[in-house]
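Source file protein.cif; content: mmCIF, C-alpha atoms and all ligand atoms.
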data_start
loop_
_atom_site.group_PDB
_atom_site.id
_atom_site.type_symbol
_atom_site.label_atom_id
_atom_site.label_comp_id
_atom_site.auth_asym_id
_atom_site.auth_seq_id
_atom_site.Cartn_x
_atom_site.Cartn_y
_atom_site.Cartn_z
ATOM 1 C CA MET B 1468 78.888 112.634 44.127
ATOM 2 C CA ASP B 1469 77.655 109.116 44.831
ATOM 3 C CA LEU B 1470 78.304 108.608 48.508
ATOM 4 C CA ILE B 1471 76.543 105.323 49.040
ATOM 5 C CA ASN B 1472 77.668 102.732 46.500
ATOM 6 C CA TYR B 1473 81.255 101.797 47.164
ATOM 7 C CA GLN B 1474 82.975 98.443 47.467
ATOM 8 C CA ALA B 1475 85.509 97.438 50.107
ATOM 9 C CA THR B 1476 88.881 99.136 49.577
ATOM 10 C CA PRO B 1477 91.563 96.784 48.191
ATOM 11 C CA ILE B 1478 94.001 94.800 50.316
ATOM 12 C CA GLN B 1479 97.274 93.992 48.564
ATOM 13 C CA LYS B 1480 100.588 92.301 49.362
ATOM 14 C CA MET B 1481 103.643 94.523 49.697
ATOM 15 C CA SER B 1482 107.259 93.920 48.695
ATOM 16 C CA GLU B 1483 108.478 94.523 52.271
ATOM 17 C CA ASN B 1484 109.612 91.286 54.002
ATOM 18 C CA GLN B 1485 111.345 92.451 57.181
ATOM 19 C CA ASN B 1486 112.029 89.578 59.661
ATOM 20 C CA ASN B 1487 110.301 87.062 57.354
ATOM 21 C CA ASN B 1488 106.956 88.714 57.999
ATOM 22 C CA THR B 1489 104.436 89.084 55.181
ATOM 23 C CA PHE B 1490 103.100 92.603 54.763
ATOM 24 C CA PHE B 1491 99.754 93.608 53.369
ATOM 25 C CA ILE B 1492 98.210 97.038 52.987
ATOM 26 C CA LYS B 1493 94.570 98.097 53.031
ATOM 27 C CA ARG B 1494 94.268 100.905 50.513
ATOM 28 C CA ASP B 1495 91.885 103.262 52.273
ATOM 29 C CA ASP B 1496 93.746 105.975 50.360
ATOM 30 C CA LEU B 1497 91.734 104.637 47.409
ATOM 31 C CA PHE B 1498 88.390 105.152 49.132
ATOM 32 C CA PRO B 1499 86.553 106.653 46.178
ATOM 33 C CA VAL B 1500 85.643 110.119 47.473
ATOM 34 C CA SER B 1501 87.849 113.252 47.370
ATOM 35 C CA PHE B 1502 91.305 111.589 47.369
ATOM 36 C CA GLY B 1503 90.145 108.976 49.857
ATOM 37 C CA GLY B 1504 91.629 108.266 53.245
ATOM 38 C CA ASN B 1505 90.115 107.747 56.653
ATOM 39 C CA LYS B 1506 88.558 111.243 56.607
ATOM 40 C CA ALA B 1507 86.578 110.325 53.485
ATOM 41 C CA ARG B 1508 85.404 107.058 55.043
ATOM 42 C CA LYS B 1509 84.277 108.941 58.160
ATOM 43 C CA ALA B 1510 82.726 111.817 56.194
ATOM 44 C CA LEU B 1511 80.452 109.461 54.311
ATOM 45 C CA LEU B 1512 78.665 108.528 57.547
ATOM 46 C CA PHE B 1513 78.641 112.097 58.872
ATOM 47 C CA PHE B 1514 76.870 113.270 55.717
ATOM 48 C CA GLU B 1515 74.346 110.437 56.034
ATOM 49 C CA ASP B 1516 73.611 111.684 59.542
ATOM 50 C CA LEU B 1517 73.532 115.322 58.399
ATOM 51 C CA THR B 1518 70.977 114.383 55.745
ATOM 52 C CA SER B 1519 68.750 112.509 58.189
ATOM 53 C CA GLU B 1520 68.926 115.502 60.574
ATOM 54 C CA LYS B 1521 67.871 117.733 57.662
ATOM 55 C CA SER B 1522 70.753 120.118 58.332
ATOM 56 C CA ASP B 1523 71.516 122.657 55.623
ATOM 57 C CA CYS B 1524 75.134 123.660 56.242
ATOM 58 C CA VAL B 1525 78.201 122.221 57.927
ATOM 59 C CA VAL B 1526 80.734 123.574 60.444
ATOM 60 C CA THR B 1527 84.036 121.889 61.253
ATOM 61 C CA TYR B 1528 87.566 122.511 62.431
ATOM 62 C CA GLY B 1529 91.119 121.879 61.166
ATOM 63 C CA SER B 1530 94.405 123.356 59.991
ATOM 64 C CA SER B 1531 95.336 124.326 56.430
ATOM 65 C CA ARG B 1532 96.936 120.859 56.040
ATOM 66 C CA SER B 1533 93.798 119.069 57.158
ATOM 67 C CA ASN B 1534 92.659 116.109 55.052
ATOM 68 C CA HIS B 1535 89.419 116.179 57.019
ATOM 69 C CA CYS B 1536 88.539 119.778 56.054
ATOM 70 C CA ARG B 1537 89.322 119.113 52.376
ATOM 71 C CA VAL B 1538 86.954 116.127 52.278
ATOM 72 C CA ILE B 1539 84.146 117.898 54.164
ATOM 73 C CA ALA B 1540 84.468 121.012 51.967
ATOM 74 C CA ASN B 1541 84.416 118.862 48.821
ATOM 75 C CA ILE B 1542 81.300 116.871 49.749
ATOM 76 C CA ALA B 1543 79.510 120.028 50.939
ATOM 77 C CA ALA B 1544 80.320 121.756 47.621
ATOM 78 C CA SER B 1545 79.019 118.755 45.665
ATOM 79 C CA LYS B 1546 75.720 119.155 47.504
ATOM 80 C CA GLY B 1547 75.644 122.928 47.017
ATOM 81 C CA MET B 1548 75.853 123.299 50.777
ATOM 82 C CA SER B 1549 77.787 125.994 52.658
ATOM 83 C CA CYS B 1550 80.801 124.790 54.623
ATOM 84 C CA TYR B 1551 82.377 126.782 57.468
ATOM 85 C CA ILE B 1552 85.851 125.898 58.662
ATOM 86 C CA ILE B 1553 87.415 127.227 61.847
ATOM 87 C CA SER B 1554 91.179 127.063 61.429
ATOM 88 C CA PRO B 1555 94.092 127.817 63.788
ATOM 89 C CA SER B 1556 96.030 130.858 62.521
ATOM 90 C CA GLU B 1557 99.264 129.235 63.819
ATOM 91 C CA SER B 1558 99.199 126.626 61.028
ATOM 92 C CA SER B 1559 97.674 128.406 58.047
ATOM 93 C CA ASP B 1560 100.470 128.102 55.432
ATOM 94 C CA PRO B 1561 99.040 127.255 52.014
ATOM 95 C CA THR B 1562 99.036 123.552 51.096
ATOM 96 C CA SER B 1563 97.360 121.376 48.456
ATOM 97 C CA ASN B 1564 94.519 120.797 50.909
ATOM 98 C CA SER B 1565 93.992 124.489 51.733
ATOM 99 C CA THR B 1566 94.077 125.337 48.014
ATOM 100 C CA MET B 1567 91.324 122.798 47.368
ATOM 101 C CA ILE B 1568 89.340 124.020 50.387
ATOM 102 C CA GLU B 1569 89.441 127.497 48.814
ATOM 103 C CA LEU B 1570 88.442 126.084 45.425
ATOM 104 C CA PHE B 1571 85.443 124.356 47.041
ATOM 105 C CA GLY B 1572 84.286 127.760 48.294
ATOM 106 C CA ALA B 1573 84.411 126.923 52.000
ATOM 107 C CA PHE B 1574 84.323 129.893 54.391
ATOM 108 C CA VAL B 1575 87.465 129.770 56.523
ATOM 109 C CA THR B 1576 87.638 131.658 59.827
ATOM 110 C CA LEU B 1577 91.151 131.924 61.244
ATOM 111 C CA CYS B 1578 91.630 132.276 64.996
ATOM 112 C CA PRO B 1579 94.328 131.550 67.570
ATOM 113 C CA VAL B 1580 94.273 127.935 68.728
ATOM 114 C CA SER B 1581 93.196 129.048 72.215
ATOM 115 C CA LYS B 1582 90.040 130.674 70.776
ATOM 116 C CA VAL B 1583 88.912 127.714 68.680
ATOM 117 C CA SER B 1584 86.059 126.427 70.808
ATOM 118 C CA ILE B 1585 84.661 129.926 71.414
ATOM 119 C CA THR B 1586 84.851 130.673 67.671
ATOM 120 C CA ILE B 1587 83.021 127.432 66.814
ATOM 121 C CA ASP B 1588 80.279 128.270 69.329
ATOM 122 C CA SER B 1589 79.793 131.760 67.941
ATOM 123 C CA LYS B 1590 79.730 130.501 64.323
ATOM 124 C CA MET B 1591 77.041 127.938 65.245
ATOM 125 C CA LYS B 1592 75.035 130.605 67.076
ATOM 126 C CA GLU B 1593 75.351 133.084 64.206
ATOM 127 C CA LEU B 1594 74.119 130.516 61.653
ATOM 128 C CA LYS B 1595 71.171 129.460 63.817
ATOM 129 C CA GLU B 1596 70.181 133.117 64.323
ATOM 130 C CA LYS B 1597 70.168 133.536 60.550
ATOM 131 C CA GLY B 1598 67.689 130.643 60.309
ATOM 132 C CA TYR B 1599 70.078 127.890 59.188
ATOM 133 C CA LYS B 1600 70.332 124.409 60.639
ATOM 134 C CA PRO B 1601 74.117 123.892 60.945
ATOM 135 C CA TYR B 1602 75.653 120.443 61.464
ATOM 136 C CA PHE B 1603 78.850 120.322 63.502
ATOM 137 C CA ILE B 1604 81.619 117.785 62.832
ATOM 138 C CA GLN B 1605 84.489 117.570 65.299
ATOM 139 C CA GLY B 1606 88.053 118.049 64.023
ATOM 140 C CA GLY B 1607 89.376 114.942 62.290
ATOM 141 C CA GLY B 1608 85.886 113.427 62.183
ATOM 142 C CA HIS B 1609 86.226 112.379 65.814
ATOM 143 C CA GLY B 1610 83.196 110.882 67.585
ATOM 144 C CA GLU B 1611 80.841 107.924 67.544
ATOM 145 C CA ILE B 1612 80.092 108.181 63.820
ATOM 146 C CA GLY B 1613 83.791 108.274 62.949
ATOM 147 C CA THR B 1614 84.298 105.185 65.116
ATOM 148 C CA GLN B 1615 81.464 103.401 63.299
ATOM 149 C CA SER B 1616 83.157 103.957 59.940
ATOM 150 C CA TYR B 1617 86.165 101.913 61.088
ATOM 151 C CA VAL B 1618 83.999 99.203 62.621
ATOM 152 C CA ASN B 1619 82.789 98.944 59.010
ATOM 153 C CA ALA B 1620 86.378 98.829 57.712
ATOM 154 C CA TYR B 1621 87.097 96.033 60.195
ATOM 155 C CA GLU B 1622 84.211 94.070 58.672
ATOM 156 C CA GLU B 1623 85.834 94.498 55.256
ATOM 157 C CA ILE B 1624 89.067 93.047 56.642
ATOM 158 C CA ARG B 1625 87.199 90.009 58.016
ATOM 159 C CA ASP B 1626 85.421 89.561 54.681
ATOM 160 C CA TYR B 1627 88.801 89.539 52.940
ATOM 161 C CA GLU B 1628 90.055 86.898 55.365
ATOM 162 C CA LYS B 1629 86.976 84.770 54.807
ATOM 163 C CA VAL B 1630 87.427 84.869 51.031
ATOM 164 C CA THR B 1631 91.199 84.256 51.015
ATOM 165 C CA GLY B 1632 91.444 81.921 54.015
ATOM 166 C CA MET B 1633 94.239 83.951 55.544
ATOM 167 C CA TYR B 1634 94.511 85.659 58.914
ATOM 168 C CA PHE B 1635 96.209 88.901 59.890
ATOM 169 C CA ASP B 1636 98.070 88.512 63.190
ATOM 170 C CA TYR B 1637 98.666 92.250 63.470
ATOM 171 C CA ILE B 1638 97.007 95.405 62.224
ATOM 172 C CA PHE B 1639 99.151 98.567 62.303
ATOM 173 C CA LEU B 1640 98.086 102.138 61.574
ATOM 174 C CA THR B 1641 99.008 105.756 62.244
ATOM 175 C CA THR B 1642 96.870 107.202 64.997
ATOM 176 C CA GLY B 1643 95.981 110.802 65.844
ATOM 177 C CA THR B 1644 92.628 111.494 67.522
ATOM 178 C CA GLY B 1645 92.412 107.710 67.712
ATOM 179 C CA THR B 1646 88.964 107.381 66.155
ATOM 180 C CA THR B 1647 90.243 105.117 63.396
ATOM 181 C CA GLN B 1648 92.017 102.871 65.873
ATOM 182 C CA ALA B 1649 88.983 102.882 68.189
ATOM 183 C CA GLY B 1650 86.732 101.631 65.368
ATOM 184 C CA LEU B 1651 89.107 98.772 64.576
ATOM 185 C CA VAL B 1652 89.379 97.825 68.271
ATOM 186 C CA CYS B 1653 85.565 97.863 68.595
ATOM 187 C CA GLY B 1654 85.215 95.658 65.514
ATOM 188 C CA LYS B 1655 87.729 93.213 66.934
ATOM 189 C CA THR B 1656 85.982 93.210 70.323
ATOM 190 C CA LEU B 1657 82.510 92.634 68.857
ATOM 191 C CA HIS B 1658 83.877 89.510 67.109
ATOM 192 C CA GLY B 1659 86.065 88.335 70.017
ATOM 193 C CA ASP B 1660 89.129 88.223 67.732
ATOM 194 C CA GLU B 1661 92.582 87.774 69.264
ATOM 195 C CA ARG B 1662 94.872 89.719 66.934
ATOM 196 C CA GLU B 1663 96.779 92.836 67.948
ATOM 197 C CA ILE B 1664 95.846 96.288 66.693
ATOM 198 C CA ILE B 1665 98.761 98.647 67.136
ATOM 199 C CA GLY B 1666 98.442 102.395 66.733
ATOM 200 C CA ILE B 1667 101.676 104.254 66.003
ATOM 201 C CA SER B 1668 101.055 107.751 67.330
ATOM 202 C CA ASN B 1669 101.814 110.623 64.956
ATOM 203 C CA ALA B 1670 101.695 113.289 67.693
ATOM 204 C CA ARG B 1671 100.088 112.501 71.035
ATOM 205 C CA LYS B 1672 101.872 111.012 74.014
ATOM 206 C CA ASN B 1673 100.696 108.547 76.616
ATOM 207 C CA PRO B 1674 98.802 108.373 78.864
ATOM 208 C CA TYR B 1675 96.594 110.996 77.137
ATOM 209 C CA GLY B 1676 96.791 109.448 73.649
ATOM 210 C CA SER B 1677 95.722 105.960 74.668
ATOM 211 C CA GLN B 1678 93.082 107.303 77.080
ATOM 212 C CA VAL B 1679 91.330 109.140 74.229
ATOM 213 C CA VAL B 1680 91.268 105.935 72.168
ATOM 214 C CA LEU B 1681 89.934 103.939 75.131
ATOM 215 C CA ASP B 1682 87.243 106.562 75.824
ATOM 216 C CA SER B 1683 86.089 106.343 72.180
ATOM 217 C CA VAL B 1684 86.082 102.539 72.327
ATOM 218 C CA ASN B 1685 84.082 102.422 75.537
ATOM 219 C CA SER B 1686 81.542 105.048 74.572
ATOM 220 C CA TYR B 1687 80.857 103.027 71.406
ATOM 221 C CA LEU B 1688 80.669 99.686 73.247
ATOM 222 C CA LEU B 1689 78.403 101.043 76.003
ATOM 223 C CA ASN B 1690 76.013 102.320 73.331
ATOM 224 C CA LYS B 1691 75.876 98.774 71.964
ATOM 225 C CA ASN B 1692 75.279 97.369 75.476
ATOM 226 C CA GLU B 1693 78.707 95.720 75.482
ATOM 227 C CA VAL B 1694 81.089 95.439 78.435
ATOM 228 C CA PRO B 1695 83.641 98.292 78.514
ATOM 229 C CA LEU B 1696 87.340 97.437 78.124
ATOM 230 C CA GLY B 1697 90.354 98.158 80.345
ATOM 231 C CA SER B 1698 93.420 100.135 79.301
ATOM 232 C CA GLU B 1699 95.320 96.952 78.282
ATOM 233 C CA ALA B 1700 92.928 96.685 75.318
ATOM 234 C CA VAL B 1701 94.561 99.661 73.566
ATOM 235 C CA SER B 1702 98.117 99.541 72.130
ATOM 236 C CA PHE B 1703 98.993 103.175 71.541
ATOM 237 C CA ILE B 1704 102.719 103.460 70.812
ATOM 238 C CA ASP B 1705 104.229 106.911 71.369
ATOM 239 C CA ASN B 1706 107.915 106.020 70.770
ATOM 240 C CA TYR B 1707 108.006 107.243 67.186
ATOM 241 C CA ILE B 1708 106.535 110.738 67.324
ATOM 242 C CA LEU B 1709 110.024 112.357 67.181
ATOM 243 C CA ASP B 1710 109.494 116.075 67.944
ATOM 244 C CA GLY B 1711 105.716 115.857 67.532
ATOM 245 C CA TYR B 1712 103.113 116.331 64.813
ATOM 246 C CA GLY B 1713 104.670 116.634 61.356
ATOM 247 C CA SER B 1714 108.235 116.068 62.566
ATOM 248 C CA HIS B 1715 110.143 113.505 60.493
ATOM 249 C CA ASN B 1716 113.666 112.249 59.733
ATOM 250 C CA ASP B 1717 115.725 110.839 56.843
ATOM 251 C CA GLU B 1718 114.731 107.248 57.601
ATOM 252 C CA ILE B 1719 111.077 108.183 57.119
ATOM 253 C CA LYS B 1720 111.913 109.817 53.788
ATOM 254 C CA GLN B 1721 113.824 106.686 52.788
ATOM 255 C CA THR B 1722 110.843 104.520 53.782
ATOM 256 C CA ILE B 1723 108.521 106.642 51.625
ATOM 257 C CA ARG B 1724 110.887 106.538 48.632
ATOM 258 C CA SER B 1725 111.287 102.793 48.850
ATOM 259 C CA ILE B 1726 107.526 102.102 49.086
ATOM 260 C CA LEU B 1727 106.879 104.489 46.197
ATOM 261 C CA ILE B 1728 109.484 102.758 44.032
ATOM 262 C CA ASN B 1729 108.803 99.122 44.960
ATOM 263 C CA ASP B 1730 105.031 99.169 45.454
ATOM 264 C CA GLY B 1731 103.952 102.310 43.613
ATOM 265 C CA ILE B 1732 102.115 103.524 46.702
ATOM 266 C CA PRO B 1733 102.348 107.163 47.882
ATOM 267 C CA MET B 1734 102.801 107.870 51.593
ATOM 268 C CA ASP B 1735 103.488 111.087 53.485
ATOM 269 C CA ALA B 1736 105.882 112.094 56.250
ATOM 270 C CA THR B 1737 103.220 113.212 58.774
ATOM 271 C CA TYR B 1738 100.988 110.141 58.830
ATOM 272 C CA THR B 1739 101.421 106.940 56.830
ATOM 273 C CA GLY B 1740 105.141 107.070 55.977
ATOM 274 C CA LYS B 1741 106.015 108.001 59.538
ATOM 275 C CA ALA B 1742 103.910 105.151 60.926
ATOM 276 C CA PHE B 1743 105.266 102.612 58.451
ATOM 277 C CA TRP B 1744 108.759 103.516 59.641
ATOM 278 C CA GLY B 1745 107.600 103.362 63.286
ATOM 279 C CA MET B 1746 105.997 99.974 62.647
ATOM 280 C CA LYS B 1747 109.265 98.572 61.306
ATOM 281 C CA GLU B 1748 111.162 99.893 64.325
ATOM 282 C CA TYR B 1749 108.536 98.301 66.582
ATOM 283 C CA ILE B 1750 108.744 94.956 64.743
ATOM 284 C CA TYR B 1751 112.518 94.980 65.056
ATOM 285 C CA LYS B 1752 112.455 95.922 68.750
ATOM 286 C CA ASN B 1753 109.820 93.309 69.631
ATOM 287 C CA ASP B 1754 111.346 90.645 67.382
ATOM 288 C CA ILE B 1755 108.103 89.899 65.540
ATOM 289 C CA THR B 1756 108.733 87.232 62.875
ATOM 290 C CA ARG B 1757 106.766 85.054 60.431
ATOM 291 C CA LYS B 1758 103.480 86.896 60.929
ATOM 292 C CA ASN B 1759 100.887 88.284 58.567
ATOM 293 C CA ILE B 1760 100.861 92.017 59.094
ATOM 294 C CA LEU B 1761 98.240 94.401 57.746
ATOM 295 C CA PHE B 1762 99.017 98.116 57.512
ATOM 296 C CA ILE B 1763 96.062 100.471 57.033
ATOM 297 C CA HIS B 1764 96.824 103.213 54.509
ATOM 298 C CA THR B 1765 94.756 106.023 55.996
ATOM 299 C CA GLY B 1766 95.254 108.365 53.029
ATOM 300 C CA GLY B 1767 96.636 111.898 52.868
ATOM 301 C CA THR B 1768 97.612 111.785 49.191
ATOM 302 C CA PRO B 1769 97.648 115.617 48.821
ATOM 303 C CA LEU B 1770 100.324 115.703 51.550
ATOM 304 C CA PHE B 1771 102.420 113.328 49.439
ATOM 305 C CA PHE B 1772 102.514 116.017 46.745
ATOM 306 C CA ASP B 1773 103.262 118.761 49.296
ATOM 307 C CA ASN B 1774 106.338 116.730 50.360
ATOM 308 C CA LEU B 1775 107.403 115.609 46.898
ATOM 309 C CA GLU B 1776 110.234 118.116 46.305
ATOM 310 C CA ASP B 1777 111.649 117.336 49.718
ATOM 311 C CA LEU B 1778 111.525 113.613 48.923
ATOM 312 C CA LYS B 1779 113.749 114.116 45.872
ATOM 313 C CA ASN B 1780 116.602 115.485 47.929
ATOM 314 C CA GLU B 1781 118.871 112.814 49.346
ATOM 315 C CA ARG B 1782 119.071 114.751 52.604
HETATM 316 C C1 LIG D 1801 93.611 112.278 60.288
HETATM 317 C C2 LIG D 1801 94.525 111.235 59.763
HETATM 318 C C3 LIG D 1801 94.954 110.166 60.580
HETATM 319 C C4 LIG D 1801 94.568 110.034 62.023
HETATM 320 O O1 LIG D 1801 93.282 109.474 62.185
HETATM 321 P P1 LIG D 1801 92.572 109.460 63.596
HETATM 322 O O2 LIG D 1801 91.297 108.745 63.388
HETATM 323 O O3 LIG D 1801 92.380 110.887 64.007
HETATM 324 O O4 LIG D 1801 93.482 108.756 64.554
HETATM 325 C C5 LIG D 1801 95.757 109.200 60.009
HETATM 326 N N1 LIG D 1801 96.157 109.284 58.715
HETATM 327 C C6 LIG D 1801 95.778 110.293 57.910
HETATM 328 C C7 LIG D 1801 96.282 110.337 56.513
HETATM 329 C C8 LIG D 1801 94.948 111.301 58.401
HETATM 330 O O5 LIG D 1801 94.564 112.319 57.608
#
Just dump the structure as structure tokens.
Amino acid sequence: MDLINYQATPIQKMSENQNNNTFFIKRDDLFPVSFGGNKARKALLFFEDLTSEKSDCVVTYGSSRSNHCRVIANIAASKGMSCYIISPSESSDPTSNSTMIELFGAFVTLCPVSKVSITIDSKMKELKEKGYKPYFIQGGGHGEIGTQSYVNAYEEIRDYEKVTGMYFDYIFLTTGTGTTQAGLVCGKTLHGDEREIIGISNARKNPYGSQVVLDSVNSYLLNKNEVPLGSEAVSFIDNYILDGYGSHNDEIKQTIRSILINDGIPMDATYTGKAFWGMKEYIYKNDITRKNILFIHTGGTPLFFDNLEDLKNER
């Protein structure tokens, strides 16, 4: 697996034209490693770090639906490296991702969600005692390195603007641990750009959700000797989480169907499709018109196939 040579992911115009806005999408779902997505973009940098640390196996955390665990297990397998995944027994139903994780030969340890951090610690200790040098990656690829990968994506967006002469007034994305959003906000801050970056939460509520993003932003900026930002620097919108992680409604399904038909782009009901719907609600509510809007497609293609049967049904 060639993890170094990749070009910027494509940015393309969409058929959506709500409120006379022009919509574009950055296809990070086409990031060319293991079905792409933000977890693949983050993983690339984690494995660079793992290699420079001379680690020989990897430990991470996530549910059976986790895009992150699928990507990490895939890259580890391509390197002939053992991968250990700690997974909450509460959400261990088989999915496309968990099937691939199995196929990649990752070792999955199930435990109750309350025992996760203790189980990670004991797995790390066990591996070290056996003479291995394990590398730990936080769930979702959270942390400074994950943030860096979206500072890089922000640079790609600026390069696109330079080449085309256009400017995105808004960047929208679905946000979970907030690492992806934090990277984009850091990129914007380093350049002193004015545009708005709006995270549509897929699970977390404020004030916690936005605080985690701000903490990631400021830990990155402080490391670069930059001035830390105040809470107004982070737009973390928690109005569209419905009943929490994974919860969705018919309007989200309709949004996904219409984007699939009109643009040929797959989205899912937990992350991208839910956020695209939330973005449109937000645009309507805030009467945003005649702007250039960029939506980041953060991936999750295997989840699209998990949801496909459900998408067929009108209700
Ligand atoms: C994990 C994930 C997110 C959330 O990314 P964060 O950096 O944790 O906010 C968004 N979209 C998809 C498809 C994901 O798998």
Around ligand LIG 1801 (chain D), fit a box with edges along x, y and z, padding it by 6 Å on each side, then list its centre and edge lengths in Å to one decimal as lines of an AutoDock Vina configuration file.
center_x = 93.8
center_y = 110.5
center_z = 60.5
size_x = 17.0
size_y = 15.6
size_z = 20.0
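Using all atoms listed in the file, the smallest distance between any of B:Asn1486, B:Ser1533, B:Ser1668, B:Ser1545 and Gly1711 in chain B comes from B:Ser1668.
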Next item on the list: Determine, counting only C-alpha atoms, which protein, DNA and RNA residues have an atom within 8 Å of an atom of range 1623-1638 of chain B; residues of the same chain fewer than 4 positions away are not included. Present the result as a PyMOL selection string.
Entry: chain B and resi 1475-1476+1478+1619+1662-1665+1758-1763
Note to self: List as an NGL selection string the protein and nucleic acid residues near Leu1517 in chain B, meaning an atom at most 12 Å away when only C-alpha atoms are counted, but skip any in the same chain fewer than 2 places from it.
What the structure shows: :B and (1510-1515 or 1519-1526 or 1539 or 1542-1543 or 1546 or 1548 or 1600-1604 or 1612)
Item checked: Distance of CA of Cys1550 in chain B from CA of Ala1573 in chain B, expressed in Å to one decimal place ->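 Interatomic distance here is 4.9 Å.
Taking CA of Tyr1738 in chain B and CA of Asp1516 in chain B as the two end points, the separation is 27.4 Å.
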Next item on the list: Set the cut-off to 6 Å, count all atoms listed in the file, and list whatever residues fall near ligand LIG 1801 (chain D) as a PyMOL selection string.
Entry: chain B and resi 1534+1607+1641-1647+1738+1765-1767
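The coordinates place CA of Ser1556 in chain B at 12.3 Å from CA of Thr1586 in chain B.
Remark: for Thr1722 in chain B, the closest of the candidate residues B:Ser1549, B:Lys1582, B:Glu1483, B:Asn1564 is B:Glu1483 (distances computed over only C-alpha atoms).
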Note to self: For the PyMOL selection byres (((chain B and resi 1480) around 6) and not hetatm), applied here, can you spell out every residue it catches as a list in words?
What the structure shows: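 Applied to this file, the PyMOL selection byres (((chain B and resi 1480) around 6) and not hetatm) returns Gln1479, Met1481, Phe1490 and Phe1491 of chain B.
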Notebook entry, point to check: From the set B:Ala1742, B:Val1583, B:Val1679, B:Met1734, which residue has the shortest atom-to-atom contact distance to Ile1708 in chain B, counting only C-alpha atoms?
Noted result: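 Comparing B:Ala1742, B:Val1583, B:Val1679, B:Met1734 against Ile1708 in chain B, the winner is B:Ala1742.
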Item checked: B:Asn1774, B:Ser1589, B:Ser1501, B:Asn1484 ranked by distance to Val1538 in chain B, top pick (using all atoms listed in the file) ->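 Counting all atoms listed in the file, the residue closest to Val1538 in chain B is B:Ser1501.
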Check: Which of these, B:Ser1565, B:Gln1721, B:Thr1737, B:Thr1518, has the shortest distance to Ser1530 in chain B once you count all atoms listed in the file?
Finding: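 Ranking B:Ser1565, B:Gln1721, B:Thr1737, B:Thr1518 by distance to Ser1530 in chain B, first place goes to B:Ser1565.
Nearest to Asn1780 in chain B of all the residues B:Gly1547, B:Tyr1712, B:Glu1699, B:Lys1720 is B:Lys1720, counting all atoms listed in the file.
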Notebook entry, point to check: Expanded to explicit residues, what is the PyMOL selection byres (((chain B and resi 1552) around 7) and not hetatm) for this file, as a PyMOL selection string?
Noted result: chain B and resi 1526-1528+1550-1551+1553-1554+1573-1576
Margin query: Using the chain letters and numbers from this file, what does the PyMOL selection byres (((chain B and resi 1744-1751) around 8) and not hetatm) select? Give the answer as a PyMOL selection string.
Written below: chain B and resi 1485-1486+1639+1667+1706-1707+1718-1719+1722+1740-1743+1752-1756
Check: Counting only C-alpha atoms, which residues come within 12 Å of (88.8, 101.6, 74.9), with the point read in the file's coordinates, and could you list them as a ChimeraX atom specification?
Finding: /B:1614,1645-1646,1648-1656,1676-1689,1693-1703
Kindly save the residues from that selection, with C-alpha atoms included, as a compact mmCIF listing (two decimals), in the frame of the given file.
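Ended up saving to part_25.txt:
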# COMPACT_ATOMS: atom_id res chain seq x y z
CA THR B 1614 84.30 105.18 65.12
CA GLY B 1645 92.41 107.71 67.71
CA THR B 1646 88.96 107.38 66.16
CA GLN B 1648 92.02 102.87 65.87
CA ALA B 1649 88.98 102.88 68.19
CA GLY B 1650 86.73 101.63 65.37
CA LEU B 1651 89.11 98.77 64.58
CA VAL B 1652 89.38 97.82 68.27
CA CYS B 1653 85.56 97.86 68.60
CA GLY B 1654 85.22 95.66 65.51
CA LYS B 1655 87.73 93.21 66.93
CA THR B 1656 85.98 93.21 70.32
CA GLY B 1676 96.79 109.45 73.65
CA SER B 1677 95.72 105.96 74.67
CA GLN B 1678 93.08 107.30 77.08
CA VAL B 1679 91.33 109.14 74.23
CA VAL B 1680 91.27 105.94 72.17
CA LEU B 1681 89.93 103.94 75.13
CA ASP B 1682 87.24 106.56 75.82
CA SER B 1683 86.09 106.34 72.18
CA VAL B 1684 86.08 102.54 72.33
CA ASN B 1685 84.08 102.42 75.54
CA SER B 1686 81.54 105.05 74.57
CA TYR B 1687 80.86 103.03 71.41
CA LEU B 1688 80.67 99.69 73.25
CA LEU B 1689 78.40 101.04 76.00
CA GLU B 1693 78.71 95.72 75.48
CA VAL B 1694 81.09 95.44 78.44
CA PRO B 1695 83.64 98.29 78.51
CA LEU B 1696 87.34 97.44 78.12
CA GLY B 1697 90.35 98.16 80.34
CA SER B 1698 93.42 100.14 79.30
CA GLU B 1699 95.32 96.95 78.28
CA ALA B 1700 92.93 96.68 75.32
CA VAL B 1701 94.56 99.66 73.57
CA SER B 1702 98.12 99.54 72.13
CA PHE B 1703 98.99 103.18 71.54
